[in-house]
$ cat my_file38.cif   # mmCIF, C-alpha atoms
data_final
#
loop_
_atom_site.label_atom_id
_atom_site.label_comp_id
_atom_site.auth_asym_id
_atom_site.auth_seq_id
_atom_site.Cartn_x
_atom_site.Cartn_y
_atom_site.Cartn_z
CA GLU A 1 -5.30 -45.94 -45.20
CA LEU A 2 -6.45 -46.46 -41.60
CA ASP A 3 -10.02 -47.64 -41.18
CA PRO A 4 -11.91 -49.83 -38.67
CA SER A 5 -10.84 -53.01 -40.46
CA HIS A 6 -7.26 -52.43 -39.20
CA ILE A 7 -8.32 -52.21 -35.53
CA TRP A 8 -8.65 -55.53 -33.74
CA LEU A 9 -10.11 -56.33 -30.34
CA ASP A 10 -9.39 -59.62 -28.54
CA ASP A 11 -11.58 -61.49 -26.02
CA GLN A 12 -9.82 -59.76 -23.11
CA GLY A 13 -10.73 -56.32 -24.47
CA LYS A 14 -7.21 -55.39 -25.62
CA ASN A 15 -6.86 -53.23 -28.72
CA TYR A 16 -4.48 -53.97 -31.57
CA LEU A 17 -3.56 -51.97 -34.66
CA SER A 18 -2.86 -54.23 -37.64
CA PHE A 19 -0.96 -53.45 -40.81
CA LEU A 20 -3.26 -55.88 -42.60
CA GLU A 21 -6.97 -55.33 -42.65
CA LEU A 22 -9.47 -57.95 -41.55
CA PRO A 23 -10.31 -60.57 -44.16
CA PRO A 24 -13.63 -60.36 -46.03
CA ALA A 25 -15.05 -63.21 -43.92
CA PHE A 26 -15.10 -60.88 -40.92
CA ASP A 27 -16.89 -58.19 -42.90
CA SER A 28 -19.66 -60.64 -43.69
CA ASP A 29 -20.80 -60.56 -40.04
CA ARG A 30 -21.36 -56.83 -40.24
CA THR A 31 -24.34 -57.34 -42.52
CA VAL A 32 -26.41 -58.59 -39.57
CA TYR A 33 -26.31 -55.05 -38.16
CA ARG A 34 -27.27 -53.42 -41.48
CA LEU A 35 -30.56 -51.64 -41.84
CA PRO A 36 -32.74 -54.03 -43.89
CA GLU A 37 -33.90 -51.41 -46.36
CA LEU A 38 -30.31 -50.59 -47.31
CA SER A 39 -28.38 -52.66 -49.81
CA SER A 40 -24.77 -53.57 -49.15
CA ALA A 41 -23.68 -51.00 -51.71
CA ALA A 42 -25.86 -48.22 -50.35
CA GLU A 43 -24.34 -45.21 -48.66
CA PRO A 44 -24.80 -45.47 -44.85
CA LYS A 45 -27.28 -43.12 -43.21
CA PRO A 46 -27.42 -41.89 -39.58
CA ASP A 47 -30.49 -43.99 -38.83
CA ALA A 48 -28.59 -47.07 -40.08
CA ASP A 49 -26.14 -46.54 -37.21
CA ILE A 50 -29.11 -46.07 -34.89
CA PHE A 51 -30.49 -49.43 -36.02
CA ALA A 52 -27.12 -51.17 -35.52
CA PHE A 53 -26.80 -49.58 -32.07
CA GLY A 54 -30.25 -50.91 -31.16
CA ILE A 55 -29.21 -54.45 -32.13
CA LEU A 56 -26.04 -54.21 -30.04
CA MET A 57 -28.01 -52.96 -27.03
CA LEU A 58 -30.54 -55.77 -27.44
CA GLU A 59 -27.73 -58.33 -27.63
CA MET A 60 -26.07 -56.99 -24.48
CA CYS A 61 -29.28 -56.77 -22.47
CA THR A 62 -30.88 -60.08 -23.47
CA GLY A 63 -28.08 -62.27 -24.86
CA LEU A 64 -30.05 -62.58 -28.09
CA SER A 65 -28.03 -63.09 -31.26
CA ALA A 66 -28.52 -60.77 -34.19
CA TYR A 67 -30.82 -62.00 -36.93
CA ARG A 68 -29.06 -63.93 -39.67
CA SER A 69 -30.66 -64.53 -43.02
CA SER A 70 -30.93 -68.06 -44.37
CA GLY A 71 -29.97 -66.78 -47.79
CA ASN A 72 -33.12 -68.19 -49.35
CA GLU A 73 -35.35 -65.24 -48.51
CA THR A 74 -36.47 -62.50 -50.80
CA ASP A 75 -35.71 -58.93 -49.77
CA VAL A 76 -39.33 -58.43 -48.75
CA GLU A 77 -39.38 -61.59 -46.64
CA GLU A 78 -36.08 -60.76 -44.98
CA TYR A 79 -37.20 -57.19 -44.33
CA SER A 80 -40.37 -58.41 -42.63
CA ARG A 81 -38.69 -61.17 -40.61
CA VAL A 82 -35.86 -58.95 -39.32
CA PHE A 83 -38.22 -56.47 -37.72
CA ALA A 84 -40.57 -59.22 -36.48
CA TYR A 85 -37.58 -61.01 -34.91
CA TYR A 86 -36.45 -57.96 -32.94
CA ARG A 87 -39.98 -56.86 -32.11
CA THR A 88 -40.73 -60.29 -30.57
CA ALA A 89 -37.48 -60.21 -28.59
CA MET A 90 -38.21 -56.74 -27.23
CA ASN A 91 -41.79 -57.59 -26.29
CA GLU A 92 -40.82 -60.81 -24.51
CA SER A 93 -37.51 -59.91 -22.83
CA VAL A 94 -37.26 -56.13 -22.61
CA ALA A 95 -40.74 -54.64 -22.19
CA PRO A 96 -41.70 -56.58 -19.00
CA ASN A 97 -38.39 -55.90 -17.21
CA TYR A 98 -36.97 -52.71 -18.69
CA PRO A 99 -39.82 -50.46 -19.91
CA GLU A 100 -37.55 -47.39 -20.21
CA LEU A 101 -35.04 -49.33 -22.31
CA TYR A 102 -37.89 -50.72 -24.39
CA SER A 103 -38.98 -47.19 -25.28
CA ILE A 104 -35.49 -46.50 -26.67
CA LEU A 105 -34.95 -49.84 -28.44
CA SER A 106 -38.37 -49.74 -30.03
CA ARG A 107 -37.41 -46.44 -31.69
CA CYS A 108 -34.02 -47.80 -32.73
CA LEU A 109 -35.40 -51.02 -34.25
CA THR A 110 -38.71 -49.81 -35.67
CA ASP A 111 -39.51 -50.54 -39.29
CA LYS A 112 -40.96 -47.04 -39.62
CA GLY A 113 -38.15 -44.72 -40.57
CA GLU A 114 -39.97 -41.59 -39.47
CA GLU A 115 -40.23 -42.92 -35.88
CA ARG A 116 -36.55 -43.87 -35.64
CA PHE A 117 -34.07 -41.55 -33.95
CA LYS A 118 -32.79 -39.12 -36.54
CA ASN A 119 -29.19 -39.06 -35.31
CA GLY A 120 -26.89 -39.98 -32.45
CA GLU A 121 -27.50 -36.74 -30.58
CA GLU A 122 -31.21 -37.38 -30.36
CA LEU A 123 -30.51 -40.93 -29.17
CA TYR A 124 -28.00 -39.60 -26.63
CA TRP A 125 -30.53 -37.24 -25.07
CA ALA A 126 -33.17 -39.98 -24.95
CA ILE A 127 -30.74 -42.29 -23.13
CA ARG A 128 -29.65 -39.50 -20.83
CA GLU A 129 -33.25 -38.68 -19.96
CA VAL A 130 -33.86 -42.32 -19.04
CA LEU A 131 -30.66 -42.47 -16.98
CA GLU A 132 -31.50 -39.25 -15.15
CA LYS A 133 -35.02 -40.49 -14.51
CA ASN A 134 -33.66 -43.76 -13.12
CA HIS A 135 -31.15 -41.79 -11.06
CA ARG A 136 -33.93 -39.65 -9.58
CA GLU A 137 -36.03 -42.73 -8.88
CA ASN A 138 -33.04 -44.47 -7.27
CA GLU A 139 -32.39 -41.40 -5.14
CA LYS A 140 -36.06 -41.36 -4.18
CA LEU A 141 -35.95 -45.06 -3.31
CA GLU A 142 -32.76 -44.55 -1.32
CA ALA A 143 -34.31 -41.63 0.53
CA GLU A 144 -37.39 -43.74 1.22
CA LYS A 145 -35.19 -46.59 2.50
CA GLN A 146 -33.34 -44.16 4.77
CA ARG A 147 -36.66 -42.75 5.99
CA GLU A 148 -37.94 -46.25 6.71
CA ALA A 149 -34.67 -47.10 8.45
CA LEU A 150 -34.98 -43.96 10.59
CA LEU A 151 -38.60 -44.74 11.39
CA GLU A 152 -37.63 -48.29 12.32
CA ALA A 153 -34.80 -46.99 14.50
CA LYS A 154 -37.18 -44.50 16.09
CA GLU A 155 -39.72 -47.26 16.71
CA THR A 156 -36.99 -49.42 18.25
CA ILE A 157 -35.92 -46.56 20.52
CA HIS A 158 -39.54 -45.94 21.48
CA LYS A 159 -40.02 -49.62 22.35
CA GLU A 160 -36.79 -49.68 24.37
CA ARG A 161 -37.76 -46.49 26.18
CA THR A 162 -41.23 -47.86 26.91
CA GLU A 163 -39.72 -51.10 28.21
CA TYR A 164 -37.23 -49.15 30.32
CA GLU A 165 -39.97 -46.93 31.77
CA ARG A 166 -42.05 -50.03 32.49
CA GLU A 167 -39.14 -51.67 34.30
CA VAL A 168 -38.43 -48.45 36.23
CA LYS A 169 -42.10 -48.19 37.16
CA GLU A 170 -42.16 -51.80 38.32
CA ARG A 171 -38.96 -51.33 40.32
CA ARG A 172 -40.28 -48.10 41.81
CA SER A 173 -43.50 -49.88 42.73
CA GLU A 174 -41.55 -52.73 44.30
CA LEU A 175 -39.37 -50.28 46.22
CA GLN A 176 -42.47 -48.47 47.45
CA LYS A 177 -43.91 -51.80 48.61
CA GLN A 178 -40.66 -52.63 50.41
CA GLU A 179 -40.60 -49.16 51.94
CA ARG A 180 -44.18 -49.59 53.17
CA ARG A 181 -43.31 -52.99 54.61
CA LEU A 182 -40.26 -51.57 56.38
CA GLN A 183 -42.28 -48.63 57.61
CA SER A 184 -44.94 -51.01 58.92
CA LYS A 185 -42.30 -53.10 60.67
CA GLU A 186 -40.77 -49.95 62.12
CA GLU A 187 -44.15 -48.80 63.39
CA ASN A 188 -44.76 -52.22 64.94
CA LEU A 189 -41.35 -52.07 66.61
CA ASP A 190 -42.11 -48.58 67.89
CA LYS A 191 -45.42 -49.83 69.31
CA LYS A 192 -43.70 -52.78 70.95
CA THR A 193 -41.03 -50.45 72.32
CA ASP A 194 -43.71 -48.15 73.69
CA ASN A 195 -45.50 -51.11 75.26
CA ILE A 196 -42.28 -52.33 76.80
CA GLU A 197 -41.52 -48.84 78.17
CA LYS A 198 -45.02 -48.59 79.55
CA LYS A 199 -44.66 -52.00 81.18
CA ASN A 200 -41.31 -50.94 82.59
CA GLU A 201 -42.88 -47.78 83.96
CA GLN A 202 -45.73 -49.81 85.47
CA LEU A 203 -43.26 -52.32 86.90
CA THR A 204 -41.10 -49.54 88.33
CA LYS A 205 -44.18 -47.97 89.83
CA LYS A 206 -45.26 -51.27 91.35
CA LEU A 207 -41.78 -51.87 92.71
CA ALA A 208 -41.82 -48.39 94.25
CA GLU A 209 -45.26 -49.07 95.73
CA ALA A 210 -44.01 -52.42 97.04
CA ASP A 211 -40.98 -50.72 98.63
CA ALA A 212 -43.24 -48.10 100.17
CA ALA A 213 -45.56 -50.81 101.47
CA ARG A 214 -42.62 -52.66 102.97
CA GLU A 215 -41.41 -49.50 104.66
CA GLU A 216 -44.91 -48.86 105.92
CA ILE A 217 -45.11 -52.42 107.23
CA LYS A 218 -41.81 -51.94 108.99
CA LEU A 219 -43.04 -48.75 110.58
CA ILE A 220 -46.24 -50.45 111.67
CA LYS A 221 -44.32 -53.38 113.12
CA ARG A 222 -41.96 -51.03 114.91
CA SER A 223 -44.87 -49.00 116.29
CA GLU A 224 -46.65 -52.14 117.47
CA LEU A 225 -43.47 -53.39 119.05
CA GLU A 226 -42.97 -50.13 120.88
CA MET A 227 -46.52 -50.24 122.15
CA LEU A 228 -46.08 -53.81 123.28
CA GLU A 229 -42.93 -52.94 125.08
CA LYS A 230 -44.61 -50.03 126.68
CA PHE A 231 -47.44 -52.13 127.97
CA SER A 232 -45.34 -55.05 129.00
CA GLY A 233 -42.42 -53.11 130.36
CA TYR A 234 -40.15 -55.33 128.32
CA THR A 235 -37.51 -53.68 126.36
CA GLN A 236 -35.72 -55.61 123.76
#
$ encode --input "my_file38.cif" --output "structure tokens"
Amino acid sequence: ELDPSHIWLDDQGKNYLSFLELPPAFDSDRTVYRLPELSSAAEPKPDADIFAFGILMLEMCTGLSAYRSSGNETDVEEYSRVFAYYRTAMNESVAPNYPELYSILSRCLTDKGEERFKNGEELYWAIREVLEKNHRENEKLEAEKQREALLEAKETIHKERTEYEREVKERRSELQKQERRLQSKEENLDKKTDNIEKKNEQLTKKLAEADAAREEIKLIKRSELEMLEKFSGYTQ
């Protein structure tokens, strides 16, 4: 007959099918996952699997070992200590960090049977609801991160554009200053050129007047000479 006691799992996660079943010593460890109100001879119930699943989840999430009885406890004492043990672990390690998981584990490991998940399907939908909620929150966070990244990029572009416009404005202002300086120099050169042309015109006019005066002096000298010759009878 094939049952779970014939299926082995090693530390590397490999599965083995054994002809021989596991020895009774291995079965003794399964009692730590048993629902406290059930005796070892009692017929398993769906909520017993729910309780065992809760212990496994708590072990995986916190590293906590399952509760082991000292063997000297009465059934009432063991019953009370098992639930107190897991309740303390959930309150200290799960509730502050994983509130959604705490809501599931607290229903798996509660000592009140009416509050425990009735079957695996109900537990499945509770877990799925938490996963979908986390997925939506993660998507929302991712969208918010992308929005912040876009806003940051936009702010960076705005700063770069502002800096570029400032530099362009400064360069344009400097070019305008240089243009005004060149224009001023050009105007000064034009004025100097005009002054030089005016002086040249004045000088040309004076030279022409000087030439005319010299010609006039020559004429006067010639006329005086002719008169002198006429009076003196001397002809040169």
$ resolve_selection --input "my_file38.cif" --expression "the PyMOL selection byres ((chain A and resi 104) around 10)" --output "list of chain:residue names"
A:Gly54, A:Met57, A:Pro99, A:Glu100, A:Leu101, A:Tyr102, A:Ser103, A:Leu105, A:Ser106, A:Arg107, A:Cys108, A:Leu109, A:Arg116, A:Phe117, A:Leu123, A:Ala126, A:Ile127, A:Val130
$ atom_distance --input "my_file38.cif" --atom1 "atom CA of A:Asn119" --atom2 "atom CA of A:Leu56"
16.3 Å
$ resolve_selection --input "my_file38.cif" --expression "the PyMOL selection byres ((chain A and resi 52) around 10)" --output "number ranges by chain"
A: 30-35, 47-51, 53-58, 66, 108-109
$ residues_around --input "my_file38.cif" --residues "A:Thr62" --least-positions-apart "2" --cutoff "8 Å" --atoms "only C-alpha atoms" --output "number ranges by chain"
A: 58-60, 64, 93-94
$ atom_distance --input "my_file38.cif" --atom1 "atom CA of A:His135" --atom2 "atom CA of A:Glu148"
19.5 Å
$ atom_distance --input "my_file38.cif" --atom1 "atom CA of A:Lys112" --atom2 "atom CA of A:Phe83"
10.0 Å
$ closest_residue --input "my_file38.cif" --among "A:Asn15, A:Ser223, A:Ser232, A:Thr110" --to "A:Met90" --atoms "only C-alpha atoms"
A:Thr110
